[in-house]
file entry.cif (mmCIF, C-alpha atoms)
data_coords
#
loop_
_atom_site.label_atom_id
_atom_site.label_comp_id
_atom_site.auth_asym_id
_atom_site.auth_seq_id
_atom_site.Cartn_x
_atom_site.Cartn_y
_atom_site.Cartn_z
CA MET A 1 31.25 -16.95 -4.56
CA SER A 2 31.82 -14.72 -1.55
CA SER A 3 31.74 -10.94 -1.99
CA TYR A 4 34.89 -9.74 -3.70
CA TYR A 5 35.93 -6.60 -1.79
CA GLN A 6 36.72 -7.05 1.91
CA SER A 7 37.89 -4.08 4.03
CA GLU A 8 40.32 -6.39 5.79
CA ASP A 9 42.06 -7.12 2.49
CA LEU A 10 43.42 -3.59 2.27
CA LYS A 11 45.95 -4.54 4.93
CA LYS A 12 47.24 -7.27 2.60
CA PHE A 13 48.23 -4.80 -0.10
CA GLY A 14 51.88 -5.02 0.94
CA GLU A 15 51.75 -8.76 0.34
CA ILE A 16 51.72 -8.30 -3.42
CA GLY A 17 55.50 -8.38 -3.00
CA GLN A 18 55.30 -12.07 -2.23
CA HIS A 19 56.01 -12.55 -5.92
CA ALA A 20 58.13 -10.27 -8.10
CA LYS A 21 59.22 -8.48 -4.94
CA ASN A 22 61.57 -6.01 -6.59
CA LEU A 23 58.74 -4.65 -8.72
CA ALA A 24 56.47 -4.31 -5.67
CA ASP A 25 59.29 -2.56 -3.82
CA ASP A 26 59.71 -0.16 -6.73
CA PHE A 27 56.00 0.55 -6.74
CA PHE A 28 55.68 1.16 -3.00
CA ARG A 29 58.73 3.42 -2.96
CA TYR A 30 57.28 5.43 -5.84
CA TYR A 31 53.84 5.41 -4.20
CA GLY A 32 55.23 6.63 -0.89
CA ASN A 33 57.30 9.35 -2.54
CA VAL A 34 54.32 10.64 -4.51
CA THR A 35 51.54 10.49 -1.92
CA GLY A 36 53.38 10.63 1.40
CA THR A 37 55.34 13.86 0.98
CA ASP A 38 54.68 17.54 0.51
CA GLY A 39 56.06 18.63 -2.86
CA ALA A 40 54.83 21.17 -5.38
CA LEU A 41 51.46 19.89 -4.19
CA SER A 42 50.71 19.45 -0.50
CA ARG A 43 49.84 16.03 0.91
CA ARG A 44 46.30 17.34 1.36
CA GLU A 45 45.99 18.30 -2.32
CA LYS A 46 47.38 14.94 -3.35
CA ALA A 47 44.91 13.17 -1.05
CA LEU A 48 42.00 15.07 -2.63
CA ILE A 49 43.20 14.14 -6.14
CA ALA A 50 43.57 10.51 -5.04
CA LEU A 51 40.07 10.57 -3.56
CA ALA A 52 38.66 11.81 -6.87
CA VAL A 53 40.57 9.15 -8.81
CA SER A 54 39.36 6.50 -6.33
CA HIS A 55 35.78 7.39 -7.22
CA ALA A 56 36.41 7.60 -10.94
CA GLN A 57 38.05 4.17 -10.82
CA LYS A 58 35.42 2.90 -8.34
CA CYS A 59 37.96 1.36 -5.95
CA PRO A 60 36.39 0.70 -2.52
CA TYR A 61 39.80 0.18 -0.89
CA CYS A 62 41.03 3.53 -2.14
CA ILE A 63 37.82 5.35 -1.21
CA ASP A 64 38.18 4.17 2.41
CA ALA A 65 41.91 4.88 2.52
CA TYR A 66 41.71 8.34 0.97
CA THR A 67 38.66 9.44 2.94
CA THR A 68 40.81 8.86 6.01
CA GLN A 69 43.90 10.38 4.38
CA CYS A 70 41.94 13.51 3.48
CA LEU A 71 40.85 13.93 7.09
CA GLU A 72 44.37 13.25 8.37
CA THR A 73 45.75 15.98 6.14
CA GLY A 74 43.12 18.49 7.29
CA ALA A 75 40.66 18.44 4.39
CA ASN A 76 37.00 18.93 5.20
CA PRO A 77 33.86 17.23 3.80
CA ASP A 78 33.07 20.18 1.50
CA GLN A 79 36.50 19.92 -0.13
CA MET A 80 36.23 16.13 -0.36
CA MET A 81 32.80 16.26 -1.97
CA GLU A 82 33.97 18.91 -4.44
CA ALA A 83 36.84 16.62 -5.42
CA VAL A 84 34.33 13.83 -6.13
CA HIS A 85 32.28 16.27 -8.21
CA VAL A 86 35.40 17.04 -10.24
CA ALA A 87 35.72 13.31 -10.95
CA ALA A 88 32.02 13.13 -11.82
CA VAL A 89 32.01 16.08 -14.23
CA MET A 90 35.20 14.85 -15.85
CA GLN A 91 33.53 11.53 -16.51
CA ALA A 92 30.37 13.24 -17.77
CA GLY A 93 32.45 15.61 -19.90
CA ILE A 94 34.50 12.76 -21.33
CA THR A 95 31.29 10.98 -22.30
CA LEU A 96 29.73 14.10 -23.79
CA VAL A 97 32.81 15.31 -25.67
CA HIS A 98 32.75 12.01 -27.54
CA SER A 99 29.43 13.11 -29.01
CA VAL A 100 31.51 15.38 -31.28
CA GLN A 101 32.81 12.17 -32.84
CA MET A 102 29.22 10.96 -33.12
CA GLN A 103 28.20 14.20 -34.79
CA ASN A 104 31.17 14.10 -37.15
CA HIS A 105 30.20 10.61 -38.24
CA LEU A 106 26.52 11.56 -38.36
CA ASN A 107 27.35 14.44 -40.67
CA LYS A 108 29.24 12.07 -42.91
CA LEU A 109 26.35 9.61 -43.07
CA VAL A 110 23.43 11.96 -43.45
CA LEU A 111 22.74 13.25 -46.95
CA MET B 1 49.50 -8.03 25.22
CA LYS B 2 48.56 -7.16 21.66
CA TYR B 3 49.33 -3.45 21.78
CA ASP B 4 52.30 -3.42 24.10
CA PHE B 5 53.50 0.16 24.54
CA GLN B 6 56.48 -0.75 26.66
CA ALA B 7 57.64 -3.36 24.15
CA GLN B 8 57.32 -0.68 21.47
CA LEU B 9 59.52 1.67 23.54
CA LYS B 10 62.07 -1.09 24.00
CA ARG B 11 62.09 -1.95 20.30
CA HIS B 12 62.96 1.67 19.52
CA GLY B 13 65.42 2.05 22.39
CA VAL B 14 63.34 4.76 24.08
CA GLU B 15 63.35 5.17 27.85
CA LEU B 16 60.83 7.56 29.35
CA ALA B 17 61.63 8.73 32.85
CA PRO B 18 60.31 11.96 34.39
CA LEU B 19 62.51 14.95 33.52
CA ALA B 20 60.87 17.63 35.62
CA ILE B 21 57.66 18.69 37.31
CA ASP B 22 57.06 22.14 35.93
CA THR B 23 53.27 21.88 35.74
CA LEU B 24 50.62 20.89 38.25
CA GLN B 25 47.58 19.83 36.25
CA VAL B 26 44.53 19.63 38.47
CA ASN B 27 41.20 18.11 37.49
CA ILE B 28 38.87 19.86 39.92
CA THR B 29 35.55 18.46 38.68
CA ARG B 30 34.09 16.03 36.18
CA LEU B 31 30.91 18.07 35.97
CA CYS B 32 30.46 19.66 32.56
CA ASN B 33 27.72 21.52 30.73
CA GLN B 34 28.62 19.48 27.63
CA GLN B 35 28.80 15.77 26.89
CA CYS B 36 31.31 15.40 24.06
CA ARG B 37 31.44 12.11 22.22
CA HIS B 38 35.22 11.74 22.47
CA CYS B 39 35.61 12.89 26.10
CA HIS B 40 38.22 10.81 27.94
CA VAL B 41 36.89 12.12 31.26
CA ASP B 42 33.32 10.93 30.54
CA ALA B 43 32.36 14.40 31.76
CA SER B 44 28.72 15.45 31.61
CA PRO B 45 26.03 17.40 33.52
CA ALA B 46 25.39 14.18 35.49
CA ARG B 47 28.85 13.99 37.05
CA ARG B 48 29.25 15.18 40.63
CA GLU B 49 32.95 14.72 41.49
CA MET B 50 34.47 17.88 42.97
CA MET B 51 37.81 18.58 44.60
CA SER B 52 37.38 19.54 48.25
CA ALA B 53 38.38 22.95 49.63
CA GLU B 54 41.18 21.12 51.51
CA GLY B 55 42.37 19.63 48.22
CA ILE B 56 42.54 23.03 46.57
CA ALA B 57 44.33 24.51 49.59
CA LYS B 58 46.85 21.66 49.46
CA CYS B 59 47.50 22.24 45.74
CA LEU B 60 48.17 25.91 46.53
CA ASP B 61 50.56 24.90 49.33
CA ILE B 62 52.47 22.69 46.91
CA LEU B 63 52.65 25.52 44.38
CA GLU B 64 53.87 27.93 47.04
CA GLU B 65 56.51 25.55 48.38
CA HIS B 66 57.92 24.65 44.96
CA PRO B 67 58.88 27.61 42.79
CA GLY B 68 59.97 25.16 40.08
CA ILE B 69 56.34 24.19 39.55
CA ALA B 70 55.70 27.37 37.63
CA LYS B 71 52.45 26.43 35.92
CA LEU B 72 48.99 25.49 37.13
CA ASP B 73 46.80 23.83 34.50
CA ILE B 74 43.18 23.65 35.70
CA THR B 75 40.96 21.18 33.94
CA GLY B 76 37.71 19.23 34.29
CA GLY B 77 34.88 18.75 33.23
CA ALA B 78 34.24 22.43 32.97
CA PRO B 79 36.45 23.64 35.84
CA GLU B 80 34.57 26.94 36.07
CA LEU B 81 31.61 24.98 37.50
CA HIS B 82 33.58 24.21 40.67
CA PRO B 83 32.51 26.61 43.46
CA GLY B 84 36.15 27.16 44.44
CA PHE B 85 37.37 27.84 40.90
CA ASP B 86 37.68 31.64 41.08
CA GLY B 87 39.56 31.57 44.37
CA PHE B 88 41.91 28.84 43.13
CA VAL B 89 42.83 30.94 40.10
CA GLU B 90 43.26 34.17 42.07
CA ARG B 91 45.43 32.62 44.74
CA ALA B 92 47.64 30.80 42.24
CA VAL B 93 48.08 34.06 40.31
CA ALA B 94 48.98 35.81 43.56
CA LEU B 95 51.72 33.18 44.01
CA GLY B 96 53.13 34.28 40.67
CA LYS B 97 52.14 31.12 38.83
CA GLN B 98 51.24 30.91 35.17
CA VAL B 99 47.63 29.75 35.23
CA MET B 100 46.08 27.86 32.33
CA VAL B 101 42.39 26.99 32.21
CA ARG B 102 40.90 24.34 29.93
CA HIS B 103 37.83 26.38 29.05
CA ASN B 104 35.18 24.77 26.83
CA LEU B 105 33.86 28.18 25.62
CA THR B 106 30.17 27.23 25.83
CA VAL B 107 30.04 27.37 29.63
CA GLN B 108 30.19 31.17 29.25
CA LEU B 109 26.75 31.06 27.62
CA ASP B 110 25.24 27.90 29.14
CA GLY B 111 26.02 28.76 32.74
CA HIS B 112 25.79 26.15 35.50
CA PRO B 113 23.76 23.14 34.31
CA HIS B 114 22.15 22.62 37.74
CA THR B 115 21.78 26.05 39.28
CA GLY B 116 21.56 28.18 36.15
CA GLU B 117 24.25 30.46 37.63
CA SER B 118 25.60 32.73 34.90
CA LYS B 119 29.19 32.38 33.76
CA GLU B 120 29.19 35.42 31.51
CA TYR B 121 31.75 37.09 33.78
CA LEU B 122 34.44 34.63 32.71
CA PRO B 123 36.14 36.64 29.91
CA ALA B 124 36.65 39.61 32.25
CA PHE B 125 37.74 37.30 35.09
CA PHE B 126 40.24 35.52 32.86
CA ALA B 127 41.61 38.82 31.57
CA ARG B 128 41.92 40.33 35.05
CA ASN B 129 43.99 37.33 36.18
CA ARG B 130 45.88 37.06 32.88
CA VAL B 131 44.80 33.43 32.59
CA GLU B 132 45.96 31.50 29.55
CA VAL B 133 42.74 30.18 28.04
CA ILE B 134 42.90 26.85 26.21
CA SER B 135 39.71 25.94 24.38
CA SER B 136 38.59 22.95 22.34
CA LEU B 137 37.33 23.71 18.87
CA PRO B 138 37.55 20.60 16.71
CA TYR B 139 37.09 22.49 13.46
CA TYR B 140 36.43 25.89 11.98
CA GLN B 141 33.10 24.66 10.64
CA GLN B 142 29.89 23.61 12.32
CA TYR B 143 29.70 20.09 10.87
CA PHE B 144 32.65 18.51 12.70
CA THR B 145 32.30 20.65 15.81
CA ASP B 146 28.67 19.80 16.50
CA ALA B 147 29.23 16.14 15.58
CA GLN B 148 31.83 15.85 18.32
CA ARG B 149 30.60 18.29 20.96
CA GLY B 150 26.82 18.43 20.51
CA ALA B 151 24.24 20.35 18.48
CA GLY B 152 24.64 24.10 18.68
CA VAL B 153 28.12 24.03 20.20
CA PHE B 154 29.82 25.61 17.19
CA GLY B 155 27.57 28.68 17.22
CA LYS B 156 28.02 29.15 20.97
CA SER B 157 31.78 28.64 20.70
CA VAL B 158 32.00 31.38 18.06
CA GLU B 159 30.06 33.75 20.30
CA ALA B 160 32.23 32.89 23.32
CA MET B 161 35.41 33.47 21.29
CA ARG B 162 33.99 36.79 20.15
CA ARG B 163 33.59 37.83 23.81
CA LEU B 164 37.14 36.71 24.64
CA ASN B 165 38.47 38.61 21.60
CA ALA B 166 36.50 41.70 22.62
CA ILE B 167 38.39 41.86 25.90
CA GLY B 168 41.75 41.39 24.19
CA TYR B 169 42.27 37.63 24.00
CA GLY B 170 44.16 36.60 20.89
CA ALA B 171 45.36 40.15 20.17
CA ASP B 172 49.08 40.88 19.93
CA TRP B 173 48.80 44.11 21.92
CA SER B 174 47.15 42.55 24.97
CA GLY B 175 49.41 39.64 25.85
CA LEU B 176 46.21 37.70 26.67
CA VAL B 177 46.59 34.21 25.24
CA LEU B 178 43.82 32.13 23.72
CA ASN B 179 44.96 28.78 22.36
CA LEU B 180 42.65 26.37 20.59
CA VAL B 181 42.65 22.59 20.70
CA TYR B 182 41.88 20.39 17.72
CA ASN B 183 40.80 16.77 18.14
CA PRO B 184 39.97 14.54 15.17
CA VAL B 185 36.25 13.82 14.96
CA GLY B 186 36.79 10.07 14.72
CA PRO B 187 39.42 7.33 14.69
CA TYR B 188 42.05 9.07 12.62
CA LEU B 189 45.19 11.05 13.39
CA PRO B 190 45.33 14.86 13.43
CA ALA B 191 46.59 16.70 10.38
CA PRO B 192 49.93 18.50 10.79
CA GLN B 193 49.54 21.16 13.48
CA ALA B 194 51.07 24.09 11.57
CA ALA B 195 48.92 23.53 8.46
CA LEU B 196 45.73 23.21 10.51
CA GLU B 197 46.59 26.29 12.54
CA ALA B 198 46.96 28.28 9.31
CA ASP B 199 43.57 26.99 8.09
CA PHE B 200 41.86 27.85 11.39
CA ARG B 201 43.42 31.32 11.45
CA ARG B 202 42.39 32.10 7.87
CA GLU B 203 38.86 30.69 8.08
CA LEU B 204 37.92 31.95 11.56
CA GLN B 205 39.18 35.42 10.66
CA ALA B 206 37.49 35.51 7.24
CA LYS B 207 34.12 34.07 8.27
CA PHE B 208 33.73 35.29 11.84
CA GLY B 209 36.43 37.90 12.44
CA LEU B 210 37.91 35.75 15.25
CA ARG B 211 41.51 35.70 16.54
CA PHE B 212 43.49 33.19 18.54
CA ASN B 213 47.15 32.60 19.34
CA GLY B 214 48.00 28.98 18.66
CA LEU B 215 46.38 25.66 17.81
CA TYR B 216 47.24 22.43 19.60
CA THR B 217 46.49 19.17 17.82
CA MET B 218 45.63 16.24 20.08
CA THR B 219 44.97 12.61 19.27
CA ASN B 220 41.86 10.91 20.63
CA MET B 221 42.78 8.44 23.35
CA PRO B 222 41.29 4.95 23.09
CA ILE B 223 39.76 5.11 26.56
CA ASN B 224 36.35 5.64 28.16
CA ARG B 225 33.65 7.22 25.98
CA PHE B 226 35.70 7.24 22.77
CA ARG B 227 36.78 3.62 23.29
CA LEU B 228 33.16 2.60 23.81
CA HIS B 229 32.28 4.25 20.50
CA LEU B 230 35.11 2.39 18.76
CA GLU B 231 33.99 -0.91 20.28
CA LYS B 232 30.35 -0.35 19.33
CA THR B 233 31.25 0.49 15.74
CA GLY B 234 33.84 -2.28 15.34
CA GLN B 235 36.68 0.20 14.81
CA LEU B 236 38.79 -0.34 17.94
CA GLU B 237 41.23 -2.82 16.48
CA ALA B 238 41.84 -0.76 13.35
CA TYR B 239 42.42 2.35 15.46
CA MET B 240 44.87 0.59 17.78
CA GLU B 241 46.74 -0.77 14.77
CA LYS B 242 46.87 2.73 13.30
CA LEU B 243 48.33 4.14 16.54
CA MET B 244 50.82 1.28 16.76
CA ALA B 245 51.92 1.66 13.13
CA ALA B 246 52.37 5.42 13.53
CA PHE B 247 54.58 5.10 16.64
CA ASN B 248 57.13 7.90 16.48
CA PRO B 249 60.16 7.76 18.83
CA ALA B 250 60.65 11.52 18.44
CA ALA B 251 57.09 12.11 19.63
CA ALA B 252 57.63 9.72 22.55
CA GLU B 253 60.57 11.76 23.83
CA GLY B 254 58.29 14.75 24.33
CA VAL B 255 55.33 13.14 26.09
CA MET B 256 53.80 15.35 28.76
CA CYS B 257 54.02 12.81 31.61
CA ARG B 258 57.75 13.59 31.73
CA SER B 259 57.18 17.17 32.84
CA LEU B 260 53.87 17.33 34.72
CA ILE B 261 51.85 15.58 37.34
CA SER B 262 48.09 15.26 37.20
CA VAL B 263 45.95 15.58 40.33
CA GLY B 264 42.51 14.03 40.65
CA HIS B 265 39.55 15.55 42.48
CA ASP B 266 40.36 13.32 45.47
CA GLY B 267 43.97 14.46 45.67
CA ARG B 268 45.52 11.36 44.17
CA ILE B 269 48.43 11.97 41.80
CA TYR B 270 48.74 10.50 38.32
CA ASP B 271 51.26 10.69 35.49
CA CYS B 272 48.70 12.35 33.22
CA ASP B 273 44.99 13.06 32.88
CA PHE B 274 44.49 9.86 30.87
CA ASN B 275 46.04 7.66 33.56
CA GLN B 276 43.84 9.52 36.03
CA MET B 277 40.70 8.49 34.15
CA LEU B 278 41.93 4.89 34.05
CA GLU B 279 42.78 5.11 37.78
CA LEU B 280 46.39 4.16 37.09
CA SER B 281 47.92 5.89 40.10
CA ALA B 282 51.41 7.31 40.07
CA VAL B 283 53.44 5.36 42.59
CA SER B 284 56.74 5.93 44.32
CA ARG B 285 59.71 3.65 43.65
CA ALA B 286 58.65 1.85 46.84
CA GLY B 287 55.24 1.19 45.32
CA LYS B 288 53.23 3.70 47.37
CA PRO B 289 50.47 5.61 45.56
CA LEU B 290 51.22 9.33 45.45
CA SER B 291 48.89 11.94 46.86
CA ILE B 292 48.94 15.70 47.32
CA PHE B 293 48.24 15.17 51.03
CA ASP B 294 51.73 13.75 51.65
CA PHE B 295 53.46 15.30 48.66
CA ASP B 296 57.20 14.99 48.35
CA PHE B 297 58.75 16.53 45.24
CA GLU B 298 61.75 14.22 44.97
CA THR B 299 59.60 11.11 45.42
CA ALA B 300 57.26 12.32 42.69
CA LEU B 301 60.12 13.18 40.35
CA GLY B 302 61.76 9.83 40.99
CA ARG B 303 58.66 7.78 40.18
CA ARG B 304 58.36 5.28 37.35
CA ILE B 305 55.72 6.44 34.86
CA ALA B 306 52.84 3.97 34.48
CA PHE B 307 52.21 3.04 30.86
CA GLY B 308 49.40 1.24 29.07
CA GLU B 309 48.24 0.66 25.51
CA HIS B 310 46.47 4.05 25.51
CA CYS B 311 49.92 5.70 25.60
CA LEU B 312 50.20 4.81 21.91
CA GLY B 313 47.84 7.75 21.37
CA CYS B 314 50.46 10.21 22.65
CA THR B 315 53.26 8.80 20.51
CA ALA B 316 51.53 8.38 17.14
CA GLY B 317 52.44 10.58 14.19
CA ALA B 318 53.49 14.02 15.36
CA GLY B 319 52.63 13.08 18.94
CA SER B 320 49.99 14.45 21.24
CA SER B 321 49.96 16.26 24.54
CA CYS B 322 48.04 18.93 26.39
CA GLY B 323 50.36 21.34 24.59
CA GLY B 324 49.72 19.79 21.17
CA ALA B 325 52.13 17.94 18.90
CA THR B 326 55.36 16.80 20.54
CA ALA B 327 57.55 16.12 17.49
CA LYS B 328 58.45 18.02 14.37
CA LYS B 329 59.28 14.87 12.47
CA MET B 330 56.16 13.00 11.30
CA VAL B 331 55.62 9.33 10.70
CA THR B 332 53.54 8.89 7.57
CA VAL B 333 51.37 5.86 7.10
CA THR B 334 49.74 5.27 3.72
CA ILE B 335 47.82 2.29 2.38
#

call {"tool": "encode", "arguments": {"input": "entry.cif", "output": "structure tokens"}}
result
Amino acid sequence: MSSYYQSEDLKKFGEIGQHAKNLADDFFRYYGNVTGTDGALSRREKALIALAVSHAQKCPYCIDAYTTQCLETGANPDQMMEAVHVAAVMQAGITLVHSVQMQNHLNKLVL
Amino acid sequence: MKYDFQAQLKRHGVELAPLAIDTLQVNITRLCNQQCRHCHVDASPARREMMSAEGIAKCLDILEEHPGIAKLDITGGAPELHPGFDGFVERAVALGKQVMVRHNLTVQLDGHPHTGESKEYLPAFFARNRVEVISSLPYYQQYFTDAQRGAGVFGKSVEAMRRLNAIGYGADWSGLVLNLVYNPVGPYLPAPQAALEADFRRELQAKFGLRFNGLYTMTNMPINRFRLHLEKTGQLEAYMEKLMAAFNPAAAEGVMCRSLISVGHDGRIYDCDFNQMLELSAVSRAGKPLSIFDFDFETALGRRIAFGEHCLGCTAGAGSSCGGATAKKMVTVTI
């Protein structure tokens, strides 16, 4: 099997509309409205959030795309790295906060 | 042709003819104390091209004879390294022209790369002649600036700006104008000019106490040194596709080749500095290459602008020119 993720494949994203086109159109319109415009959040802030989510979800396509998008909206490497740290501590926190469940159950089991 | 600029213009119903010649942009030398990685001029300490004294005199004649050419934009290389630079500025100012100098900041501290001649007098010289100083600073932090322009450039640029500020540049009371130029540090488009300008103003003031007037965003042109980098790193095609996809008709309308002519060190005339570096001469309707040595205003104004795929760099997103973005309306490209 060849390697799964190819940078070139990112360009084919639009082709998901080859089937169930109306749903793809809905998605891309929504996607464009959310990420491509300044709203209550600026495009730069949205790009930094998307970069953090890209790392949390481990999507190589999105990491490439949003590294570029962050630069094209004026973010700098310090801001980008901090966004990734937010993703990292959220994941660590989510793991650790579940230990409360472990402790609850532990307390139930232990005499 | 894969990246056909003229076909792109046609598709969008855009026709780009010269509108005016209000600026004479003159590249007086390719010699530079720096060797920036994106430089479309391929300028460096090794370059030797210099405009002759006759060439400078001819430029001044043209300025004198044509009051409509109100602005002289002197560029390089580091134009201050040309032995005739000071006289060129002073005589153009005496003609009542608005003089702009593309000043790389560091030459103030580095001096002449061959002779060691000091250039520390420049802030006072610029102020005395009320020169509009236009300086590249790719970011308000060291990381991007040194990556693009060389190790230590950020620190020297800050010091040079401090000296310009000390003499009044960037201050409201002085009327002395210091504009900065932002270039992306790689194959991506500039962020919106107004947002970046606000960032630069806030950060440079807070961290270094520096002032400036405006920030111009410029797109890196896929030519010469930057193109070579793209080719070597396998990024040229993706960059060209990005420029093509971000084509903005509103940006195209404002391209600088419609209002200026660019003069090379040998006196040949071009539609812009980029065409100059590609040796794409401006030609008359009759097909004759234009030169300052037989300059005719109407012939120059009536020329057909020469286009190539690199022109996609000036029309992408918010557009790009020596005066920054050319369109208010952006074209947004997402994944």

call {"tool": "closest_residue", "arguments": {"input": "entry.cif", "among": "A:Met90, A:Ala50, A:Leu109, A:Val97", "to": "chain B", "atoms": "all atoms listed in the file"}}
result
A:Ala50

call {"tool": "closest_residue", "arguments": {"input": "entry.cif", "among": "A:Leu23, A:Met80, A:Leu71, A:Ile94", "to": "chain B", "atoms": "all atoms listed in the file"}}
result
A:Leu71

call {"tool": "closest_residue", "arguments": {"input": "entry.cif", "among": "A:Phe28, A:Val34, A:Ile63, A:Glu8", "to": "Glu237 (chain B)", "atoms": "all atoms listed in the file"}}
result
A:Glu8

call {"tool": "residues_around", "arguments": {"input": "entry.cif", "residues": "Pro67 (chain B)", "least_positions_apart": "2", "cutoff": "10 Å", "atoms": "all atoms listed in the file", "output": "PyMOL selection string"}}
result
chain B and resi 22+62-65+69-71+95-97

call {"tool": "residues_near_point", "arguments": {"input": "entry.cif", "point": "(48.0, 35.0, 20.4)", "cutoff": "9 Å", "atoms": "all atoms listed in the file", "output": "number ranges by chain"}}
result
B: 169-172, 174-179, 211-214

call {"tool": "closest_residue", "arguments": {"input": "entry.cif", "among": "A:Val89, A:Ala47, A:Leu41, A:Gly32", "to": "Thr68 (chain A)", "atoms": "only C-alpha atoms"}}
result
A:Ala47

call {"tool": "atom_distance", "arguments": {"input": "entry.cif", "atom1": "CA of Asp110 (chain B)", "atom2": "CA of Met161 (chain B)"}}
result
14.0 Å

call {"tool": "axis_aligned_box", "arguments": {"input": "entry.cif", "around": "region 276-284 of chain B", "padding_each_side": "3 Å", "output": "lines of an AutoDock Vina configuration file"}}
result
center_x = 48.7
center_y = 6.8
center_z = 39.2
size_x = 22.0
size_y = 11.4
size_z = 16.3

call {"tool": "interface_residues", "arguments": {"input": "entry.cif", "of": "chain B", "to": "chain A", "cutoff": "12 Å", "atoms": "only C-alpha atoms", "output": "VMD selection string"}}
result
chain B and resid 138 to 145 182 to 200 217 219 235 237 to 239 241 to 242 245 317 to 318 330 to 335

call {"tool": "resolve_selection", "arguments": {"input": "entry.cif", "expression": "the PyMOL selection byres ((chain A and resi 53) around 10)", "output": "list in words"}}
result
Ala47, Leu48, Ile49, Ala50, Leu51, Ala52, Ser54, His55, Ala56, Gln57, Lys58, Cys59, Cys62, Ile63, Tyr66, Ala83, Val84, Val86, Ala87 and Ala88 of chain A

call {"tool": "atom_distance", "arguments": {"input": "entry.cif", "atom1": "CA of Phe307 (chain B)", "atom2": "CA of Arg285 (chain B)"}}
result
14.8 Å

call {"tool": "residues_around", "arguments": {"input": "entry.cif", "residues": "region 33-48 of chain B", "least_positions_apart": "2", "cutoff": "8 Å", "atoms": "all atoms listed in the file", "output": "VMD selection string"}}
result
chain B and resid 29 to 31 50 76 to 78 106 to 107 110 to 114 148 to 150 185 220 to 221 223 to 226 274 277

call {"tool": "atom_distance", "arguments": {"input": "entry.cif", "atom1": "CA of Asp4 (chain B)", "atom2": "CA of Leu280 (chain B)"}}
result
16.2 Å

call {"tool": "residues_around", "arguments": {"input": "entry.cif", "residues": "Asn275 (chain B)", "least_positions_apart": "6", "cutoff": "10 Å", "atoms": "only C-alpha atoms", "output": "list in words"}}
result
Ile223, Cys257, Ser262, Ile269, Ser281, Ala282, Ile305, Ala306, Phe307, Gly308, His310 and Cys311 of chain B

call {"tool": "resolve_selection", "arguments": {"input": "entry.cif", "expression": "the PyMOL selection byres ((chain B and resi 18) around 7)", "output": "number ranges by chain"}}
result
B: 16-17, 19-20, 257-259, 301

call {"tool": "write_last_selection", "arguments": {"input": "entry.cif", "atoms": "C-alpha atoms", "output": "mmCIF file, in the frame of the given file"}}
result
data_model
loop_
_atom_site.group_PDB
_atom_site.id
_atom_site.type_symbol
_atom_site.label_atom_id
_atom_site.label_comp_id
_atom_site.auth_asym_id
_atom_site.auth_seq_id
_atom_site.Cartn_x
_atom_site.Cartn_y
_atom_site.Cartn_z
ATOM 1 C CA LEU B 16 60.830 7.560 29.350
ATOM 2 C CA ALA B 17 61.630 8.730 32.850
ATOM 3 C CA LEU B 19 62.510 14.950 33.520
ATOM 4 C CA ALA B 20 60.870 17.630 35.620
ATOM 5 C CA CYS B 257 54.020 12.810 31.610
ATOM 6 C CA ARG B 258 57.750 13.590 31.730
ATOM 7 C CA SER B 259 57.180 17.170 32.840
ATOM 8 C CA LEU B 301 60.120 13.180 40.350
#

call {"tool": "build_atoms", "arguments": {"input": "entry.cif", "residues": "region 207-215 of chain B", "atoms": "N, CA and C atoms", "output": "short mmCIF file (atom, residue, chain, number, x, y, z; two decimals), in the coordinates of the input"}}
result
data_model
loop_
_atom_site.label_atom_id
_atom_site.label_comp_id
_atom_site.auth_asym_id
_atom_site.auth_seq_id
_atom_site.Cartn_x
_atom_site.Cartn_y
_atom_site.Cartn_z
N LYS B 207 35.57 34.32 8.13
CA LYS B 207 34.12 34.07 8.27
C LYS B 207 33.51 34.69 9.51
N PHE B 208 34.32 34.81 10.57
CA PHE B 208 33.73 35.29 11.84
C PHE B 208 34.50 36.44 12.47
N GLY B 209 35.62 36.82 11.87
CA GLY B 209 36.43 37.90 12.44
C GLY B 209 37.08 37.53 13.76
N LEU B 210 37.37 36.22 13.96
CA LEU B 210 37.91 35.75 15.25
C LEU B 210 39.43 35.61 15.21
N ARG B 211 40.06 35.83 16.40
CA ARG B 211 41.51 35.70 16.54
C ARG B 211 41.83 34.67 17.64
N PHE B 212 42.97 34.05 17.48
CA PHE B 212 43.49 33.19 18.54
C PHE B 212 45.00 33.17 18.41
N ASN B 213 45.69 32.60 19.40
CA ASN B 213 47.15 32.60 19.34
C ASN B 213 47.72 31.36 18.67
N GLY B 214 47.44 30.19 19.23
CA GLY B 214 48.00 28.98 18.66
C GLY B 214 46.97 27.86 18.65
N LEU B 215 47.26 26.83 17.86
CA LEU B 215 46.38 25.66 17.81
C LEU B 215 47.18 24.44 18.23
#
